[in-house]
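Text of structure_38.txt (compact mmCIF, C-alpha atoms) as supplied:
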```
# COMPACT_ATOMS: atom_id res chain seq x y z
CA MET A 1 94.60 100.17 101.88
CA ILE A 2 93.77 99.58 98.21
CA PRO A 3 91.82 102.44 96.62
CA SER A 4 88.37 101.49 95.44
CA ASN A 5 88.74 103.38 92.16
CA PRO A 6 92.45 103.84 91.51
CA GLY A 7 92.06 104.99 87.94
CA THR A 8 90.29 108.26 88.69
CA ALA A 9 92.94 110.48 90.24
CA ALA A 10 95.75 112.10 88.40
CA GLY A 11 98.12 109.28 87.92
CA GLY A 12 95.35 106.94 89.09
CA ALA A 13 96.59 103.83 90.78
CA THR A 14 100.15 105.07 90.45
CA GLY A 15 99.68 107.78 93.07
CA THR A 16 102.13 106.74 95.82
CA THR A 17 105.56 105.17 95.90
CA ARG A 18 104.27 102.53 98.32
CA ARG A 19 101.43 101.65 95.96
CA ARG A 20 103.79 101.35 93.00
CA ARG A 21 106.13 99.09 94.90
CA LEU A 22 103.27 96.84 96.03
CA VAL A 23 102.03 96.45 92.45
CA LEU A 24 105.56 95.81 91.22
CA LEU A 25 105.98 93.14 93.92
CA MET A 26 102.76 91.39 92.84
CA LEU A 27 103.83 91.51 89.19
CA LEU A 28 107.24 90.14 90.20
CA VAL A 29 105.64 87.21 92.05
CA ALA A 30 103.44 86.45 89.03
CA TYR A 31 106.47 86.57 86.71
CA THR A 32 108.40 84.35 89.11
CA PHE A 33 105.64 81.74 88.81
CA ASN A 34 105.77 82.28 85.04
CA PHE A 35 109.44 81.36 84.80
CA LEU A 36 109.30 78.77 87.55
CA ASP A 37 106.63 76.82 85.65
CA ARG A 38 108.41 77.43 82.36
CA GLN A 39 111.93 76.42 83.43
CA ILE A 40 111.35 73.74 86.07
CA LEU A 41 111.64 71.02 83.44
CA GLY A 42 115.31 72.00 83.03
CA ILE A 43 116.17 70.33 86.35
CA LEU A 44 113.48 67.64 86.16
CA LYS A 45 114.26 66.39 82.68
CA GLU A 46 116.83 63.76 83.72
CA PRO A 47 114.39 61.83 85.98
CA ILE A 48 111.63 62.44 83.41
CA LYS A 49 113.92 61.13 80.66
CA ALA A 50 114.68 58.02 82.70
CA GLU A 51 111.04 57.27 83.57
CA LEU A 52 109.44 58.09 80.20
CA GLY A 53 112.33 56.93 77.97
CA LEU A 54 112.89 60.19 76.07
CA SER A 55 115.84 61.36 73.93
CA ASP A 56 117.61 64.73 74.23
CA THR A 57 115.92 65.84 70.98
CA GLN A 58 112.47 64.99 72.40
CA LEU A 59 113.31 66.80 75.64
CA GLY A 60 114.33 69.87 73.64
CA LEU A 61 111.09 69.82 71.64
CA MET A 62 109.02 69.35 74.79
CA GLY A 63 110.79 72.08 76.73
CA GLY A 64 110.99 74.61 73.89
CA LEU A 65 108.77 74.11 70.84
CA ALA A 66 105.81 72.69 72.78
CA PHE A 67 105.81 75.76 75.01
CA ALA A 68 106.68 78.33 72.33
CA LEU A 69 104.01 77.30 69.80
CA LEU A 70 101.07 78.99 71.52
CA TYR A 71 103.05 81.16 73.92
CA SER A 72 104.54 83.19 71.09
CA THR A 73 101.64 83.29 68.66
CA LEU A 74 98.72 83.85 71.04
CA ALA A 75 100.61 86.53 72.96
CA VAL A 76 99.97 88.94 70.07
CA PRO A 77 96.12 88.83 69.97
CA ILE A 78 95.97 88.68 73.78
CA ALA A 79 98.16 91.77 74.04
CA TRP A 80 96.05 93.52 71.38
CA LEU A 81 93.07 92.79 73.65
CA ALA A 82 95.03 94.09 76.65
CA ASP A 83 95.33 97.47 74.92
CA ARG A 84 91.51 97.63 75.09
CA VAL A 85 90.29 95.86 78.25
CA SER A 86 91.49 95.27 81.80
CA ARG A 87 95.09 94.10 81.80
CA THR A 88 94.83 92.77 85.34
CA TRP A 89 92.00 90.40 84.43
CA ILE A 90 94.05 89.05 81.54
CA ILE A 91 97.11 88.44 83.73
CA THR A 92 94.96 86.80 86.43
CA ALA A 93 93.31 84.40 83.97
CA ALA A 94 96.68 83.62 82.40
CA LEU A 95 98.29 82.90 85.77
CA ALA A 96 95.52 80.50 86.82
CA SER A 97 95.61 78.78 83.43
CA TRP A 98 99.35 78.12 83.13
CA SER A 99 99.51 76.98 86.75
CA ALA A 100 96.72 74.44 86.17
CA PHE A 101 98.50 73.07 83.10
CA THR A 102 101.72 72.77 85.12
CA MET A 103 99.81 70.49 87.48
CA LEU A 104 98.70 68.43 84.45
CA CYS A 105 102.39 68.00 83.50
CA GLY A 106 102.76 66.19 86.81
CA VAL A 107 100.34 63.45 85.76
CA ALA A 108 101.74 62.90 82.23
CA THR A 109 102.31 59.28 81.19
CA GLY A 110 104.39 59.70 78.04
CA PHE A 111 105.92 62.11 75.52
CA TRP A 112 102.69 63.26 73.91
CA SER A 113 100.72 63.80 77.09
CA LEU A 114 103.60 65.83 78.52
CA PHE A 115 104.04 67.66 75.19
CA LEU A 116 100.36 68.69 75.13
CA ALA A 117 100.41 69.77 78.76
CA ARG A 118 103.41 71.96 77.98
CA VAL A 119 101.49 73.45 75.06
CA GLY A 120 98.82 74.34 77.63
CA VAL A 121 101.41 76.01 79.87
CA GLY A 122 102.45 78.12 76.87
CA LEU A 123 98.81 78.94 76.14
CA GLY A 124 98.38 80.33 79.65
CA GLU A 125 101.66 82.20 79.80
CA ALA A 126 100.85 83.93 76.49
CA GLY A 127 98.77 86.42 78.46
CA GLY A 128 101.17 87.05 81.32
CA VAL A 129 104.06 89.22 80.14
CA ALA A 130 103.14 91.86 77.53
CA PRO A 131 100.25 93.30 79.63
CA ALA A 132 102.61 93.47 82.61
CA TYR A 133 105.16 95.50 80.62
CA SER A 134 102.38 97.92 79.71
CA LEU A 135 101.21 98.17 83.34
CA ILE A 136 104.72 98.97 84.56
CA ALA A 137 105.09 101.70 81.92
CA ASP A 138 101.89 103.28 83.32
CA TYR A 139 102.88 102.92 86.99
CA PHE A 140 106.42 104.35 86.75
CA PRO A 141 107.71 107.58 85.15
CA ARG A 142 110.12 107.24 82.25
CA ALA A 143 113.22 108.00 84.32
CA GLN A 144 112.48 104.96 86.53
CA ARG A 145 111.14 102.49 83.96
CA ALA A 146 114.33 100.57 83.14
CA ARG A 147 114.88 99.94 86.86
CA ALA A 148 111.23 99.01 87.41
CA LEU A 149 111.33 96.64 84.44
CA ALA A 150 114.62 95.27 85.77
CA VAL A 151 112.97 94.51 89.13
CA TYR A 152 110.08 92.86 87.30
CA SER A 153 112.60 90.87 85.27
CA TRP A 154 114.02 89.49 88.51
CA GLY A 155 111.22 86.96 87.99
CA VAL A 156 113.52 85.28 85.47
CA PRO A 157 116.37 84.37 87.87
CA LEU A 158 114.01 84.00 90.83
CA GLY A 159 111.72 81.65 88.92
CA SER A 160 114.57 79.80 87.25
CA GLY A 161 116.60 79.53 90.44
CA ALA A 162 113.64 78.52 92.60
CA GLY A 163 112.52 76.01 89.98
CA ILE A 164 115.98 74.47 89.85
CA MET A 165 116.41 74.34 93.62
CA PHE A 166 112.89 73.32 94.61
CA GLY A 167 112.29 71.04 91.64
CA GLY A 168 115.62 69.27 91.94
CA LEU A 169 115.40 68.74 95.68
CA MET A 170 111.77 67.64 95.51
CA ALA A 171 112.54 65.19 92.70
CA ALA A 172 115.52 63.82 94.64
CA TRP A 173 113.62 63.49 97.92
CA VAL A 174 110.15 62.50 96.68
CA ASP A 175 109.24 62.52 92.99
CA TRP A 176 109.36 64.84 89.96
CA ARG A 177 105.58 64.67 89.65
CA TRP A 178 105.02 66.16 93.09
CA ALA A 179 107.29 69.09 92.24
CA LEU A 180 105.04 70.01 89.29
CA LEU A 181 101.83 69.49 91.25
CA LEU A 182 102.92 71.68 94.17
CA ILE A 183 104.32 74.51 92.05
CA GLY A 184 101.25 74.59 89.82
CA GLY A 185 98.90 74.52 92.80
CA ALA A 186 100.64 77.49 94.42
CA GLY A 187 100.12 79.57 91.27
CA VAL A 188 96.42 78.73 91.14
CA LEU A 189 96.03 79.95 94.74
CA PHE A 190 97.97 83.18 94.07
CA ALA A 191 95.85 84.24 91.06
CA PRO A 192 92.80 85.67 92.96
CA LEU A 193 95.09 87.56 95.38
CA PHE A 194 96.84 89.17 92.42
CA LYS A 195 93.52 90.39 90.98
CA TRP A 196 92.42 91.79 94.34
CA VAL A 197 95.59 93.86 94.77
CA VAL A 198 96.53 95.05 91.25
CA ARG A 199 94.33 97.55 89.38
CA ASP A 200 94.62 99.13 85.95
CA PRO A 201 96.08 102.67 86.03
CA VAL A 202 95.45 105.42 83.48
CA ARG A 203 96.98 104.41 80.18
CA GLY A 204 99.80 106.79 79.37
CA GLY A 205 98.92 108.89 82.41
CA LEU A 206 102.59 109.48 83.25
CA ASP A 207 103.38 110.40 79.63
CA GLY A 208 100.56 112.92 79.24
CA ALA A 209 98.41 110.48 77.26
CA GLU A 210 94.75 111.31 76.79
CA ALA A 211 93.50 107.71 76.84
CA GLY A 212 92.41 106.40 80.22
CA VAL A 213 91.59 103.09 81.81
CA GLY A 214 90.02 102.65 85.15
CA GLY A 215 89.91 99.55 87.28
CA ALA A 216 87.12 97.98 85.24
CA GLY A 217 88.35 98.52 81.72
CA PRO A 218 88.64 101.25 79.08
CA THR A 219 86.58 104.41 79.24
CA ALA A 220 84.50 105.58 76.30
CA ASP A 221 87.21 107.95 75.07
CA ALA A 222 90.02 105.35 75.25
CA ILE A 223 92.25 105.31 72.20
CA THR A 224 92.08 102.10 70.21
CA VAL A 225 93.89 101.32 66.99
CA PRO A 226 93.61 98.31 64.68
CA PHE A 227 96.22 95.59 65.09
CA ARG A 228 97.32 96.11 61.50
CA THR A 229 98.16 99.74 62.28
CA VAL A 230 100.42 98.76 65.19
CA ALA A 231 102.06 95.93 63.24
CA THR A 232 102.71 98.18 60.23
CA ARG A 233 104.19 100.87 62.42
CA VAL A 234 106.70 98.64 64.21
CA ALA A 235 107.53 96.69 61.04
CA ASN A 236 108.88 99.91 59.54
CA VAL A 237 111.12 100.69 62.52
CA PRO A 238 114.62 99.21 62.00
CA ALA A 239 115.42 99.59 65.71
CA PHE A 240 112.53 97.25 66.57
CA TRP A 241 113.93 94.45 64.40
CA MET A 242 117.49 94.93 65.65
CA LEU A 243 116.34 94.83 69.27
CA ALA A 244 114.08 91.83 68.66
CA LEU A 245 116.63 89.79 66.70
CA GLY A 246 119.40 90.71 69.12
CA ALA A 247 117.30 89.59 72.08
CA ALA A 248 116.32 86.44 70.14
CA CYS A 249 119.97 85.50 69.57
CA SER A 250 120.65 86.08 73.26
CA SER A 251 117.61 84.01 74.21
CA ILE A 252 118.68 81.07 72.04
CA CYS A 253 121.72 80.77 74.30
CA GLY A 254 119.96 81.86 77.47
CA TYR A 255 117.12 79.37 77.23
CA GLY A 256 119.45 76.69 75.91
CA LEU A 257 121.88 77.11 78.80
CA GLY A 258 119.08 77.29 81.36
CA PHE A 259 117.60 74.03 80.12
CA TRP A 260 120.74 72.03 79.38
CA LEU A 261 123.37 73.16 81.90
CA PRO A 262 121.84 70.95 84.65
CA SER A 263 122.39 67.96 82.35
CA TYR A 264 125.95 69.13 81.67
CA PHE A 265 126.69 69.39 85.40
CA MET A 266 125.38 65.87 85.99
CA ARG A 267 126.90 64.24 82.93
CA SER A 268 130.28 66.02 82.70
CA LEU A 269 131.00 67.17 86.26
CA GLY A 270 129.45 64.15 87.98
CA PHE A 271 126.99 66.06 90.20
CA THR A 272 123.94 64.38 91.70
CA LEU A 273 120.48 65.84 91.07
CA SER A 274 120.33 67.51 94.50
CA GLN A 275 123.89 68.90 94.15
CA THR A 276 123.02 70.30 90.72
CA SER A 277 119.87 71.96 92.03
CA VAL A 278 121.77 73.93 94.69
CA TYR A 279 124.83 74.62 92.50
CA TYR A 280 123.01 75.93 89.43
CA GLY A 281 120.12 77.44 91.36
CA SER A 282 122.57 79.69 93.25
CA ILE A 283 124.18 80.73 89.95
CA GLN A 284 120.81 81.75 88.54
CA LEU A 285 119.67 83.59 91.65
CA LEU A 286 122.84 85.55 92.46
CA GLY A 287 124.11 86.19 88.96
CA GLY A 288 120.72 86.80 87.38
CA MET A 289 119.39 89.25 89.96
CA ALA A 290 122.61 91.28 90.08
CA GLY A 291 122.93 91.42 86.29
CA ILE A 292 119.33 92.44 85.63
CA TRP A 293 119.47 95.24 88.21
CA LEU A 294 122.86 96.42 86.90
CA GLY A 295 121.56 96.63 83.33
CA GLY A 296 118.49 98.63 84.33
CA ALA A 297 120.38 101.02 86.62
CA ILE A 298 123.14 101.74 84.08
CA ALA A 299 120.67 102.25 81.24
CA ASP A 300 118.50 104.64 83.28
CA ARG A 301 121.58 106.71 84.19
CA LEU A 302 123.16 106.79 80.73
CA GLY A 303 119.87 106.85 78.83
CA ALA A 304 118.88 110.22 80.27
CA GLN A 305 121.45 111.83 77.94
CA ASP A 306 121.74 109.16 75.24
CA ARG A 307 118.80 106.95 74.25
CA GLY A 308 121.20 104.64 72.44
CA ALA A 309 122.52 103.49 75.83
CA TYR A 310 119.42 101.31 76.24
CA ALA A 311 120.80 99.04 73.49
CA ARG A 312 124.53 99.69 73.94
CA THR A 313 124.49 98.48 77.57
CA PRO A 314 123.48 94.88 76.74
CA ALA A 315 125.84 94.83 73.74
CA VAL A 316 128.82 95.45 76.04
CA CYS A 317 127.52 92.86 78.49
CA TYR A 318 127.36 90.17 75.78
CA ALA A 319 130.89 90.97 74.62
CA VAL A 320 132.25 90.51 78.15
CA ALA A 321 130.16 87.40 78.90
CA LEU A 322 131.15 85.35 75.85
CA PRO A 323 134.81 84.61 76.70
CA LEU A 324 133.90 83.90 80.33
CA LEU A 325 131.33 81.31 79.23
CA LEU A 326 133.83 79.68 76.87
CA LEU A 327 136.26 79.33 79.76
CA ALA A 328 133.51 78.03 82.06
CA MET A 329 132.51 75.29 79.61
CA HIS A 330 136.02 73.87 79.62
CA THR A 331 136.74 74.09 83.35
CA THR A 332 136.26 71.01 85.51
CA HIS A 333 137.01 72.52 88.93
CA PRO A 334 133.56 73.11 90.56
CA VAL A 335 134.47 76.33 92.44
CA LEU A 336 136.20 77.95 89.46
CA ALA A 337 133.36 76.88 87.18
CA TRP A 338 130.80 78.45 89.55
CA LEU A 339 132.67 81.78 89.50
CA LEU A 340 133.01 81.71 85.72
CA PHE A 341 129.31 80.93 85.26
CA VAL A 342 127.84 83.38 87.77
CA VAL A 343 129.22 86.55 86.15
CA PRO A 344 128.08 85.88 82.55
CA THR A 345 124.73 84.59 83.82
CA GLY A 346 124.14 88.10 85.16
CA LEU A 347 125.55 89.87 82.11
CA ASN A 348 123.42 87.78 79.76
CA LEU A 349 120.23 88.92 81.52
CA ALA A 350 121.22 92.60 81.74
CA TRP A 351 119.34 93.31 78.49
CA MET A 352 115.86 92.85 79.95
CA GLY A 353 115.33 96.19 81.68
CA PRO A 354 117.01 98.41 79.05
CA VAL A 355 115.67 96.70 75.94
CA MET A 356 112.09 96.38 77.20
CA THR A 357 112.17 100.08 78.14
CA ALA A 358 113.33 100.92 74.62
CA VAL A 359 110.58 98.79 73.06
CA GLN A 360 107.96 100.61 75.18
CA HIS A 361 109.19 103.93 73.75
CA LEU A 362 109.06 102.98 70.08
CA VAL A 363 105.27 103.57 70.08
CA PRO A 364 102.64 105.68 71.92
CA ALA A 365 101.21 104.42 75.21
CA HIS A 366 98.05 102.88 73.73
CA MET A 367 100.13 100.58 71.50
CA ARG A 368 102.55 99.27 74.13
CA SER A 369 100.97 95.90 74.98
CA THR A 370 100.64 94.93 71.32
CA THR A 371 104.17 96.12 70.50
CA SER A 372 105.60 94.20 73.45
CA ALA A 373 103.83 91.06 72.24
CA LEU A 374 105.16 91.47 68.70
CA PHE A 375 108.65 91.84 70.18
CA LEU A 376 108.16 88.73 72.32
CA LEU A 377 106.79 86.83 69.30
CA VAL A 378 110.13 87.23 67.53
CA VAL A 379 112.22 86.64 70.65
CA ASN A 380 110.40 83.52 71.84
CA LEU A 381 109.74 81.83 68.50
CA LEU A 382 113.46 81.96 67.79
CA GLY A 383 114.90 81.94 71.30
CA LEU A 384 112.63 79.56 73.15
CA GLY A 385 111.38 77.60 70.16
CA MET A 386 114.84 76.92 68.73
CA GLY A 387 117.30 77.31 71.60
CA LEU A 388 116.35 74.21 73.58
CA TRP A 389 116.00 72.10 70.45
CA ILE A 390 119.32 73.22 68.92
CA PHE A 391 121.37 72.21 71.95
CA GLY A 392 119.55 68.89 72.35
CA PHE A 393 119.88 68.13 68.63
CA LEU A 394 123.59 68.95 68.63
CA SER A 395 124.13 66.82 71.74
CA ASP A 396 122.49 63.79 70.13
CA ARG A 397 124.53 64.25 66.92
CA LEU A 398 127.83 64.70 68.80
CA ALA A 399 127.23 61.79 71.17
CA PRO A 400 128.85 59.14 68.88
CA TRP A 401 132.13 61.10 69.06
CA TYR A 402 132.04 62.64 72.55
CA GLY A 403 129.73 60.35 74.53
CA ALA A 404 128.71 61.90 77.87
CA GLU A 405 130.73 65.01 76.97
CA SER A 406 128.53 65.78 73.94
CA MET A 407 126.53 68.41 75.83
CA ARG A 408 129.71 70.34 76.65
CA TYR A 409 130.53 70.72 72.95
CA ALA A 410 126.92 71.34 71.93
CA ILE A 411 126.78 74.30 74.30
CA THR A 412 130.20 75.57 73.17
CA CYS A 413 129.01 75.63 69.55
CA GLY A 414 125.85 77.53 70.43
CA LEU A 415 127.60 80.37 72.27
CA GLY A 416 128.28 82.12 68.98
CA PHE A 417 124.75 83.51 69.11
CA TYR A 418 125.94 85.91 71.84
CA ALA A 419 128.36 87.51 69.38
CA ALA A 420 125.49 88.05 66.94
CA ALA A 421 123.39 89.55 69.73
CA ALA A 422 126.13 92.08 70.60
CA VAL A 423 126.42 93.24 66.98
CA LEU A 424 122.65 93.67 66.58
CA MET A 425 122.33 95.65 69.81
CA LEU A 426 125.17 97.99 68.75
CA LEU A 427 123.36 98.61 65.45
CA ALA A 428 120.10 99.28 67.31
CA SER A 429 121.82 101.87 69.52
CA ARG A 430 122.43 104.02 66.43
CA HIS A 431 118.73 104.10 65.49
CA LEU A 432 117.04 104.45 68.88
CA PRO A 433 117.41 108.23 69.45
CA ALA A 434 115.55 109.09 66.23
CA ARG A 435 112.66 106.68 66.93
CA TRP A 436 112.13 107.41 70.65
CA VAL A 437 108.54 108.33 71.64
CA ASP A 438 108.08 110.11 74.97
CA ALA A 439 104.45 111.17 74.67
CA ALA A 440 101.17 109.66 73.51
CA ALA A 441 101.20 111.02 70.00
```
Re-express the file's structure as structure tokens.
Amino acid sequence: MIPSNPGTAAGGATGTTRRRRLVLLMLLVAYTFNFLDRQILGILKEPIKAELGLSDTQLGLMGGLAFALLYSTLAVPIAWLADRVSRTWIITAALASWSAFTMLCGVATGFWSLFLARVGVGLGEAGGVAPAYSLIADYFPRAQRARALAVYSWGVPLGSGAGIMFGGLMAAWVDWRWALLLIGGAGVLFAPLFKWVVRDPVRGGLDGAEAGVGGAGPTADAITVPFRTVATRVANVPAFWMLALGAACSSICGYGLGFWLPSYFMRSLGFTLSQTSVYYGSIQLLGGMAGIWLGGAIADRLGAQDRGAYARTPAVCYAVALPLLLLAMHTTHPVLAWLLFVVPTGLNLAWMGPVMTAVQHLVPAHMRSTTSALFLLVVNLLGLGMGLWIFGFLSDRLAPWYGAESMRYAITCGLGFYAAAAVLMLLASRHLPARWVDAAA
């Protein structure tokens, strides 16, 4: 039974393990819809390209820049608002909004109508992630946060994998438009259920914070700070920039691979659309979920004695993943390629739990939503805004020399960003212990 006023008791809505797990499950489902709607174009772009007559460069702009424009920039003021009002209302409105725009993508008639609908998806999703990070930090004690954030981050492989499998099979069996309409419609229906189940806990209640938020919004004594104060604080923290730029370099490759690998499998390995959906969807689901959980679990264990482990863990993962991906991109045997892709897919997502935990602890509890949004602004403007475009641009430029194999070499060139990510995370690990904030002050 859901408490009628979960923000009043000590710990508020976070009172029981069962309650925490239910809220985490609802947040995970919402994040799964977030990534499903965001990434489904990766598998649908070949039939979309054929019907609407688009180039790889246009597909990259539509999949990345169109989404990232408002997603990255509006996430900051929305998160600033989430530090003051009900976070659950913001997530609910965002979920309904991006799902409705996903449905509009299904009725697009050309590049610009699809581009603008994708801008709308980004507008909605701008309010979905940073408030959720803040909620999780207030539902789970510090010793469990990396694992809780890792479970939440399962929405990335679940959404990506489900989008690839469902979208590809639906497009192969019926039509790409119906895939978008059905996925978007499901998100619209889930939004009111999410609001009914998830309530706002006490802000910083598990860190000894004095500011409180009940189910309806902030109390009169809630701590609020100007946006400029939060921005100035994080701008002067070197660890913030190293974490953000490291995650951005990783995301350039991560988003680029997620969007363009389906095309590579079809163009270079000769897979059909339905074969690609099952093949790559299984890679995302199995590799992604295992890697995210592994990163969170290792960081929680090592981070209890060494805060630098929250950045060092993903750095090691990148260093191991890079050579495996290089081998995978030049292997034509489907089974061997699957094995070589599934391991680095997990390692490349292992940063999410540890790094987002570290970002939460660079500031007091009442600044977490805004700080998370500033972090995501850097990560997504560079990672999502540039990653998809870079690979598509390189593929078009290499096509005169490599033909259908141009995507293979475009992806190979882009993998160098993982090396940069590893270096930046190692540098961040040296600064984290001195900047770690455990309490509200």
Residues within 12 Å of (117.5, 71.9, 68.6), file coords, only C-alpha atoms, listed as a PyMOL selection string: chain A and resi 55-65+252-253+255-256+259-260+382-397+410-411+414
Can you write out as a Markdown table which residues of stretch 243-338 of chain A fall within 10 Å of stretch 138-160 of chain A, alongside each residue's closest atom pair and its distance in Å to one decimal, counting all atoms listed in the file and ordering rows by chain and ascending residue number?
```
| residue | atom | partner | partner_atom | distance |
| --- | --- | --- | --- | --- |
| A:Gly258 | CA | A:Ser160 | CA | 7.8 |
| A:Phe259 | CA | A:Ser160 | CA | 9.7 |
| A:Tyr280 | CA | A:Ser160 | CA | 9.5 |
| A:Gly281 | CA | A:Ser160 | CA | 7.3 |
| A:Ser282 | CA | A:Pro157 | CA | 9.4 |
| A:Ile283 | CA | A:Pro157 | CA | 8.9 |
| A:Gln284 | CA | A:Pro157 | CA | 5.2 |
| A:Leu285 | CA | A:Pro157 | CA | 5.1 |
| A:Leu286 | CA | A:Pro157 | CA | 8.0 |
| A:Gly287 | CA | A:Pro157 | CA | 8.0 |
| A:Gly288 | CA | A:Pro157 | CA | 5.0 |
| A:Met289 | CA | A:Trp154 | CA | 5.6 |
| A:Ala290 | CA | A:Trp154 | CA | 8.9 |
| A:Gly291 | CA | A:Ala150 | CA | 9.2 |
| A:Ile292 | CA | A:Ala150 | CA | 5.5 |
| A:Trp293 | CA | A:Ala150 | CA | 5.4 |
| A:Leu294 | CA | A:Ala150 | CA | 8.4 |
| A:Gly295 | CA | A:Ala150 | CA | 7.5 |
| A:Gly296 | CA | A:Arg147 | CA | 4.6 |
| A:Ala297 | CA | A:Arg147 | CA | 5.6 |
| A:Ile298 | CA | A:Arg147 | CA | 8.9 |
| A:Ala299 | CA | A:Ala146 | CA | 6.8 |
| A:Asp300 | CA | A:Ala146 | CA | 5.8 |
| A:Arg301 | CA | A:Ala143 | CA | 8.5 |
| A:Gly303 | CA | A:Ala143 | CA | 8.7 |
| A:Ala304 | CA | A:Ala143 | CA | 7.3 |
| A:Tyr310 | CA | A:Ala146 | CA | 8.6 |
```
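Minimum atom-to-atom distance to A:Arg430, evaluated using all atoms listed in the file, belongs to A:Phe240 out of A:Tyr133, A:Phe166, A:Phe240, A:Tyr31.
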Minimum-distance residue to A:Leu243, chosen among A:Ala373, A:Ile90, A:Ala422, A:Ala75 (using only C-alpha atoms): A:Ala422
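For the pair atom CA of A:Leu74 and atom CA of A:Leu377, the separation is 8.8 Å.
Of the residues listed (A:Asp200, A:Asp175, A:Glu46, A:Glu125), A:Glu125 shows the shortest atom-to-atom separation from A:Leu376; distances use all atoms listed in the file.
Here the question is which of A:Leu381, A:Gly416, A:Ala235, A:Ser274 gets nearest to A:Leu69 using only C-alpha atoms, and that residue is A:Leu381.
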Within-10 Å shell of (100.7, 77.4, 82.5) in input frame, all atoms listed in the file, as number ranges by chain: A: 33-35, 37-38, 67, 71, 94-105, 117-126, 128, 184, 187-188
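Put simply, atom CA of A:Ala244 is 8.9 Å away from atom CA of A:Val355.
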Residue contacts of A:Met329 (9 Å, all atoms listed in the file) excluding same-chain residues fewer than 2 positions away, as a ChimeraX atom specification: /A:324-327,331-332,337,340-341,408-409,411-412
Coordinates-based distance that separates atom CA of A:Phe190 from atom CA of A:Ala93 (Å, one decimal): 11.2 Å
